[in-house]
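Take a look at the structure below.
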Amino acid sequence: MTDSTTPTPEADQTPDKGTALLEFRKVNTHYGAVHILKDVDLAIYPGELVCLLGGNASGKSTTLKTLLGMVTPTSGDVVLDGEIVNDKPISYRVERGITMVPENRRLFKRLSVLENLQLGAYLRSDKDGIAADMQHIFELFPRVEERLGQKAGTLSGGEQQMVAIGRALMSRPRVLLMDEPSMGLAPALVQVNFELIEQIHEDGMAIFMVEQNANMALSIADRGWVIQTGRVVLDDTADVLLVHPELRASYLGGRDER
Amino acid sequence: MNELAPPRQILDQDWRRILQFGSLCALTLVFIALIGMPVQLDTRILIRRHLSLGYLSLIWIPMIMGYLVSKELVLEGIISAKKGPRDLLAGALTGMIGGAGLSLLAVLINNFDLRDPLLNWSPQTLEQLNFGNGIGFGIGIWLLIGGALGIFGSALHVLPALTAKAVGVALMTVALVSILETAITDLLEGFRLTFITDSLYAKRGGLSVVSTIVLVVFVALVTVLAAGQGDALRVKYDALDAPRRKSANLTMSFAGVIALLLLPLFLGKIMNELLANVGLFVLLALGLNIVVGLAGILDLGYVAFFAVGGYTTAVLTSPNSPWISPELHFGIVILIVIVIAAMIGLAVGAPVIRMRGDYLAIVTLGFGEIIRLLFLSDWLSPYFGGAQGITNIPPVDLGFAEVKGSDPRSVFYLVLFFCAIAIYISWRLQGSRLGRAWMAIREDEKVAEAMGINTVNAKLMAFVVGAILASFSGAVFAAKVGSIFPSSFLILVSIIILVVVIVGGMGNITGVIVGAVVLIGVLGGPKQPGLLQELGTFKLLIYGALLVFMMLKRPEGLVPNARRSHELHQEEFLQDAWLKGIVDDDDEEVTA
Amino acid sequence: MTAVGVRSTRRVSWVDRFLTTLRIVLIALIVVGLLAFIAQQIDNDNAFARRRNPGATGLTAAQVKGLFVTGVAQGAMYGLIALGYSMVYGVLGFINFAHGEVFMLGTMSGFIASTKLSDAGYWESNFIGSFLLIILIAILVSTATAVVMERVAYRPLRDSPRLIPLITSIGVSFFIQNAVLGLFGPNSKSYPQLPEWLAKNRTILTFDIPGTKIMVLVVAAVSMAGLWWVVERTKTGKAMRAVAEDKEIAALMGINVDRTIVLTFAIGGAMAGIGGILWGLSFRSVTHLTGFLPGIKAFTAAVVGGVGNLGGSMAGGVALGTAESLGPQVILEPLGVKGVSQLRDAVAFTALVVVLLFKPAGLFGERLSEDDRA
């Protein structure tokens, strides 16, 4: 039926990918009278790392908020595991495996690192599983274990990023949403950060990343979308996007993104 | 919006909603009964032999509840059903549940004694609930009354719009005419039109049944007949161009001022006393309006400036002043009052000006109390008289006339004079650079600072002007009453003025005046009775409830200015704009 | 404080100079007063003391200790009330003016309960049981009031500018005060007497303390400890702290923000209820206005200790109570102020101004939510 080589987002199932974990089907959102997202289609499949690229005010953060449940679409559907969850609260989605690492970390600065991690597992009640996951995070981020008792606000930017990711992982998500993970990090740390993200991906996690730093994002992603003024304008595999002429000009050409 | 679905089935009810509103109705009715309103207000007759204010305080609740339970939020895209018997039933049930609450209360009072602690768990209350008959009557009658009133309330939705409007207006008129009985009688007496009074009101107070019926019919007819006229006039007014409209406004204001100047001549002593009191509060409210409404500073210690004005006047004019008694003339005293009020305004304002809004509120509250305590203290009684205050403040000698407390008309004119000054100052400030600076500070203080506005000075100016206006009121108050005591300057006063400013409309001169006239006039001030003086003990309760209600439903006040209204309801405006179909279904950018 | 632009300090210099003068004057007054007091204590006929206040007689050690204990006990009650102000401000960023009324309702319900128990004879026969019962009732009433208040008057205003809920809370406060007046009448109501074995004086570490005050201190300490345990050690407490810091991200963790806010109000209300019982048993007399002054003073205590900071609130309360108790005699009287006991209330308000002038974030630092930090 289709002649493109990329899977159309409308399809629930594709032989090589399985059922989409999380989908947008023609989602529109408004802020008061202002139309933000316009007929956005997305699909995230298990185990893949996908990224949403775009400039300021392109609709990136609204997309994340809508995925999470902070914003309700005015039309269209947000589908989680085949279930339409448009007006379900955030806790509903978190329980079913969506978690976000917010922009600028946004840790609970006055709480300790340990308490931040514990709050990540707020909705869980399996003590053994929580303990095991915490161990796993310590293995991923040894520095975090060192600073368990410290107030989270006293950590460095890079360490805070680790705690933020760790906190998100504590809810044992199936899809990890990341809002501008490189924002506010020193350039030296950005590389390390993305390596970490790649590692988590390799462990099997599906990751949906919103990023301005298109270069870095596309270097580790499987697929990507580009969004402009609320509308998806490009939708392809990362390799294709990396060499896409328009993309090169706007986002990739010569400049280092901020 | 014009398409209505057919009325819903009579048994297709939202039972939960009925239960909610019904319980709320019952709780409110029981509460009103237990705080003693029916018993204490029974002395005020509204319609001779049939309706007292006491019963009205109960009756209006099931009516409102019936109205609310059938009220439906009209949403775009949802086709609402035409109102019919179903809604009447909903109203009836809501009212009945409410009435059942009262019936239950009657039964309980009959059988148990909870007099200690509940003061009004008394035979009088029971007597009232039973309408003087036995308990059986009481139980049944409230179910009936509740149901009937509930139907009436919801009927306002079912009747065609014009009829409902006519009924509503007629009822309001009757209520107004009976509430304003004292004022109207007084006024008509002044115009020598006592025959109207005699035919309207019964000999011992309250409207007569006949006049009520006549009034209802008359007003309803007028409303129906004049249906289109009011809107036509408004359209004409809006269509006027700027200069025409300005002259129209000017004529109206001029006429209003003339009326105001002539009014006291036709009123008796009591009414003039009321007018004078209202005037004092209008002056206070105008001052607080500048501080709260224009500059956005919540000064809860505002009464302190009132006190400063009063005490300064007392000390400088009274021969009994313990410290010095120069017995200066009022005119000179006013000038000194301005200076002192300004200084104290600066002294109080400087420390608080940089604080967060809510801290500022509490600190100014504290200052207000500190100043009152100082005036009250034995330590400073050699200067201010302590708890005994200062007495024997002489009347104001204006050369051609004397303004004294025993002649409230003269007081009113003096107050009017100061009010005029206050209105002028408020009006000029609002349109001035300073006024714009205040507006910017209200919007976003940091941005205002970044724009180069000296926010500290601007806010201090507001404080000082507010202080001066309040002290004017204090000075006149001192001369009027003839003596001054610290007990006149409780925090209560600040709060009541705040309620007036908010109910009237923050930042809006007309609104504030209307608010003061309505609230102080009808309910009364902290120590002064209003038109409904029977409400005396419940006055403060109503003020509190009013404040909460206004904040929840209409924070911009009764007579808002468009800008403030927009500020406070921004979300709703945006939603409405979207719902009204400005949204395209095509992929066009929407214009906000 | 500002993120935008540079604030020109040159322009506001006269205000700054005025404030600095004010600070200096205040410190000078306190120091001179203290010195005069000390001078008095050392030698009654000391010239320095005499010059300031010829009529002063100074205080005996027992009197000072007595005032101190009274101050601490009073302060503990202020502290319990302050917790409610502090918690609500920390989470929602506004002053719940009506919290004083939550306290008043606690003490009022305690009055009703204790009088009924006394009439039935249980008050004397089983004091401990009665005591626990009235505390339970007060906690229930105060908590219910706080929760209803939040739901009806404050939740709809969650997104309004911060002065709006404050003004609303003033209205709520007024309403409750006068509703109680209407329901129960203006007469002052008395708690029954405390049994002798509790009320008698005991000597602890050379301090001669009435039993009532010991009870106050013990109950306040236990409540504070309980609160600390809940807030620091339980999952719910962590959720409360998370919501207090950053509502949006807390929601991200799956925390039900609305429910947590209700819980905050509830716990604050419970503390005030306990404070109410202690107050009623200490002062024995209650009216509908009982909540007003302690409410304002408790808020002052919260600010003094650092708003949002629970330990700070309790410490602020104790500090304020002690200052109120000792201040008039120790500082004002030596300065020549007569009739100082009348000015006691003024001490609390002055303390508020003083703290805000010197250390606006409170003695122990404030803890506000992300959105409310100035």
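Order determines the names: the first chain of the structure tokens is A, the second B, and so forth; residues in each chain are numbered 1 upward, and ligands are numbered 1 upward as they are shown.
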
According to DSSP computed on the backbone, where in segment 8-123 of chain A is there strand (DSSP E)? Give the residues as a PDB file with C-alpha atoms, in the first residue's frame.
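Saved as out-v9.pdb:
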ATOM      1  CA  GLN A  13       2.441  -3.296  13.434  1.00  0.00           C
ATOM      2  CA  THR A  14       5.355  -3.762  11.211  1.00  0.00           C
ATOM      3  CA  GLY A  18       6.454  -5.043  16.625  1.00  0.00           C
ATOM      4  CA  THR A  19       3.673  -3.011  18.167  1.00  0.00           C
ATOM      5  CA  LEU A  22       3.757   5.016  22.185  1.00  0.00           C
ATOM      6  CA  GLU A  23       2.030   6.839  19.377  1.00  0.00           C
ATOM      7  CA  PHE A  24       0.639  10.160  18.361  1.00  0.00           C
ATOM      8  CA  ARG A  25      -2.174   9.943  15.856  1.00  0.00           C
ATOM      9  CA  LYS A  26      -2.960  13.290  14.250  1.00  0.00           C
ATOM     10  CA  VAL A  27      -2.512  15.104  17.538  1.00  0.00           C
ATOM     11  CA  ASN A  28      -3.474  18.752  17.777  1.00  0.00           C
ATOM     12  CA  THR A  29      -2.986  20.883  20.864  1.00  0.00           C
ATOM     13  CA  HIS A  30      -3.950  24.443  21.705  1.00  0.00           C
ATOM     14  CA  TYR A  31      -2.922  26.919  24.301  1.00  0.00           C
ATOM     15  CA  VAL A  34      -3.222  29.430  19.872  1.00  0.00           C
ATOM     16  CA  HIS A  35      -2.731  26.272  17.823  1.00  0.00           C
ATOM     17  CA  ILE A  36       0.515  24.621  18.912  1.00  0.00           C
ATOM     18  CA  LEU A  37       0.792  21.075  17.581  1.00  0.00           C
ATOM     19  CA  LYS A  38      -0.719  20.497  14.194  1.00  0.00           C
ATOM     20  CA  ASP A  39      -1.643  16.990  13.077  1.00  0.00           C
ATOM     21  CA  VAL A  40       1.417  15.381  14.569  1.00  0.00           C
ATOM     22  CA  ASP A  41       2.035  11.713  13.937  1.00  0.00           C
ATOM     23  CA  LEU A  42       4.707   9.836  15.844  1.00  0.00           C
ATOM     24  CA  ALA A  43       5.427   6.256  16.773  1.00  0.00           C
ATOM     25  CA  ILE A  44       8.016   4.834  19.103  1.00  0.00           C
ATOM     26  CA  LEU A  49      16.280   5.468  20.134  1.00  0.00           C
ATOM     27  CA  VAL A  50      14.443   8.233  18.366  1.00  0.00           C
ATOM     28  CA  CYS A  51      14.909  11.939  18.455  1.00  0.00           C
ATOM     29  CA  LEU A  52      12.763  15.008  17.834  1.00  0.00           C
ATOM     30  CA  LEU A  53      14.690  17.920  16.452  1.00  0.00           C
ATOM     31  CA  SER A  75      -7.965  16.455  18.816  1.00  0.00           C
ATOM     32  CA  GLY A  76      -6.183  13.285  17.831  1.00  0.00           C
ATOM     33  CA  ASP A  77      -5.050  10.476  20.089  1.00  0.00           C
ATOM     34  CA  VAL A  78      -2.145   9.613  22.282  1.00  0.00           C
ATOM     35  CA  VAL A  79      -1.869   5.856  22.271  1.00  0.00           C
ATOM     36  CA  LEU A  80       0.041   3.815  24.803  1.00  0.00           C
ATOM     37  CA  GLU A  83      -4.766   2.148  24.516  1.00  0.00           C
ATOM     38  CA  ILE A  84      -5.919   5.722  24.040  1.00  0.00           C
ATOM     39  CA  ILE A  98       6.678   6.253  30.485  1.00  0.00           C
ATOM     40  CA  THR A  99       9.116   8.432  32.380  1.00  0.00           C
ATOM     41  CA  MET A 100      10.787  11.718  31.616  1.00  0.00           C
ATOM     42  CA  VAL A 101      14.159  13.178  32.400  1.00  0.00           C
TER      43      VAL A 101
END

For segment 529-546 of chain B, list every protein, DNA or RNA residue within 6 Å, evaluated using only C-alpha atoms, and leave out those in the same chain fewer than 6 positions away; present the list as an mmCIF file with C-alpha atoms, in the first residue's frame.
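Output file selection.cif follows:
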data_model
loop_
_atom_site.group_PDB
_atom_site.id
_atom_site.type_symbol
_atom_site.label_atom_id
_atom_site.label_comp_id
_atom_site.auth_asym_id
_atom_site.auth_seq_id
_atom_site.Cartn_x
_atom_site.Cartn_y
_atom_site.Cartn_z
ATOM 1 C CA GLY B 521 -25.083 51.949 53.444
ATOM 2 C CA VAL B 522 -26.887 48.652 53.724
ATOM 3 C CA LEU B 523 -24.789 46.594 56.089
ATOM 4 C CA GLY C 171 -12.436 36.542 54.208
ATOM 5 C CA PHE C 174 -13.538 36.633 59.222
ATOM 6 C CA PHE C 175 -16.309 34.274 58.289
ATOM 7 C CA ASN C 178 -18.172 35.346 63.171
#

(request) Find the residues around Met271 of chain C up to 8 Å (only C-alpha atoms counted), leave out those fewer than 2 positions away in its own chain, and share them as a PyMOL selection string. (result) chain C and resi 80-81+83-84+139+223+267-269+273-275

(message) Just checking: using only C-alpha atoms, which residue out of B:Ala259, B:Trp427, B:Met551, B:Met343 ends up closest to Tyr154 of chain C?
(response) B:Met551

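Of the listed residues C:Leu293, C:Ala242, C:Val337, C:Ala272, the one whose atoms come nearest to chain A is C:Ala242, with distances taken using only C-alpha atoms.
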
Output as CSV one row per residue of chain C within 12 Å of chain A: the closest atom pair and its distance in Å to one decimal place, counting only C-alpha atoms, sorted by chain and residue number ascending.
residue,atom,partner,partner_atom,distance
C:Val231,CA,A:Leu111,CA,11.6
C:Glu232,CA,A:Leu111,CA,9.8
C:Arg233,CA,A:Glu115,CA,10.0
C:Thr234,CA,A:Glu115,CA,10.7
C:Lys235,CA,A:Tyr122,CA,7.8
C:Thr236,CA,A:Tyr122,CA,9.5
C:Gly237,CA,A:Leu119,CA,10.8
C:Lys238,CA,A:Glu115,CA,7.4
C:Ala239,CA,A:Leu119,CA,7.4
C:Met240,CA,A:Leu119,CA,11.0
C:Arg241,CA,A:Leu111,CA,7.8
C:Ala242,CA,A:Phe108,CA,6.4
C:Val243,CA,A:Phe108,CA,9.2
C:Ala244,CA,A:Phe108,CA,9.6
C:Glu245,CA,A:Phe108,CA,6.6
C:Asp246,CA,A:Phe108,CA,7.1
C:Lys247,CA,A:Phe108,CA,10.2
C:Glu248,CA,A:Met70,CA,8.9
C:Ile249,CA,A:Arg106,CA,7.1
C:Ala250,CA,A:Leu119,CA,8.4
C:Ala251,CA,A:Ile90,CA,6.9
C:Leu252,CA,A:Ile90,CA,6.6
C:Met253,CA,A:Gly120,CA,5.7
C:Gly254,CA,A:Ser91,CA,4.1
C:Ile255,CA,A:Ser91,CA,6.9
C:Asn256,CA,A:Ser91,CA,7.5
C:Val257,CA,A:Ser91,CA,10.4
C:Gly308,CA,A:Arg110,CA,11.8
C:Asn309,CA,A:Arg110,CA,11.2
C:Glu366,CA,A:Arg110,CA,11.5
C:Arg367,CA,A:Arg110,CA,8.6
C:Leu368,CA,A:Arg110,CA,10.3
C:Ser369,CA,A:Phe108,CA,10.2
C:Glu370,CA,A:Phe108,CA,9.8

(request) Define the interface residues of chain B facing chain C as those within 8 Å, counting only C-alpha atoms, and report them as a ChimeraX atom specification. (result) /B:34-36,117-120,298,350-351,356-358,362-363,366-367,369-370,373-374,377-379,446-447,449-450,454,456-457,537-538,540-548,551-552,555,568

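With only C-alpha atoms as the atoms that count, the residue of A:Thr74, A:Gln135, A:Asn104, A:Gln161 with the shortest distance to chain B is A:Thr74.
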
(request) Taking the DSSP assignment computed from this structure's backbone, write out as a ChimeraX atom specification all residues of segment 285-503 of chain B that belong to alpha helix (DSSP H). (result) /B:285-288,303-317,330-352,357-376,381-384,408-431,433-443,445-450,455-481,491-503

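Comparing the minimum interatomic distances between Gly405 of chain B and each of B:Ala175, B:Met355, B:Leu225, B:Ile393, counting only C-alpha atoms, we find that B:Ile393 sits nearest.
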
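Between atom CA of Val69 of chain B and atom CA of Leu143 of chain B the interatomic distance comes to 17.4 Å.
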
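Every protein, DNA or RNA residue with an atom at most 8 Å from Arg223 of chain A, where only C-alpha atoms count and chain neighbours fewer than 5 positions away do not, is listed here: Glu48, Leu49, Val50, Cys51, Leu218, Asp235, Asp236, Thr237, Ala238 and Asp239 of chain A.
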
(request) May I ask for the distance between atom CA of Ile423 of chain B and atom CA of Leu187 of chain B, given in Å to one decimal place? (result) 26.1 Å

(request) Can you pull out every residue within 8 Å of Gly54 of chain B, counting only C-alpha atoms, but drop anything in the same chain fewer than 3 positions away, and send it as a VMD selection string? (result) chain B and resid 37 to 44 57 to 58

(request) Using only C-alpha atoms, determine which residues lie at most 7 Å from Ser318 of chain B, disregarding the query and same-chain residues fewer than 6 positions distant; provide the list as JSON, numbers by chain. (result) {"B": [325, 327, 392, 393, 394]}

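When only C-alpha atoms are used to measure the gap to chain B, the shortest distance among A:Leu140, A:Ala214, A:Val175, A:Ala33 belongs to A:Ala33.
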
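We find atom CA of Ala225 of chain C and atom CA of Val102 of chain C to be spaced 21.3 Å apart.
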
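Neighbouring residues of Thr229 of chain A at 9 Å or closer, counting only C-alpha atoms and skipping chain neighbours under 2 positions away, are Ile36, Leu37, Lys38, Gly54, Gly55, Ala57, Ser58, Gly59, Ile227, Arg231 and Val232 of chain A.
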
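Residue nearest Thr364 of chain B within the list B:Ile491, B:Ala437, B:Ile334, B:Ile390: B:Ile491 [criterion: smallest interatomic distance, only C-alpha atoms].
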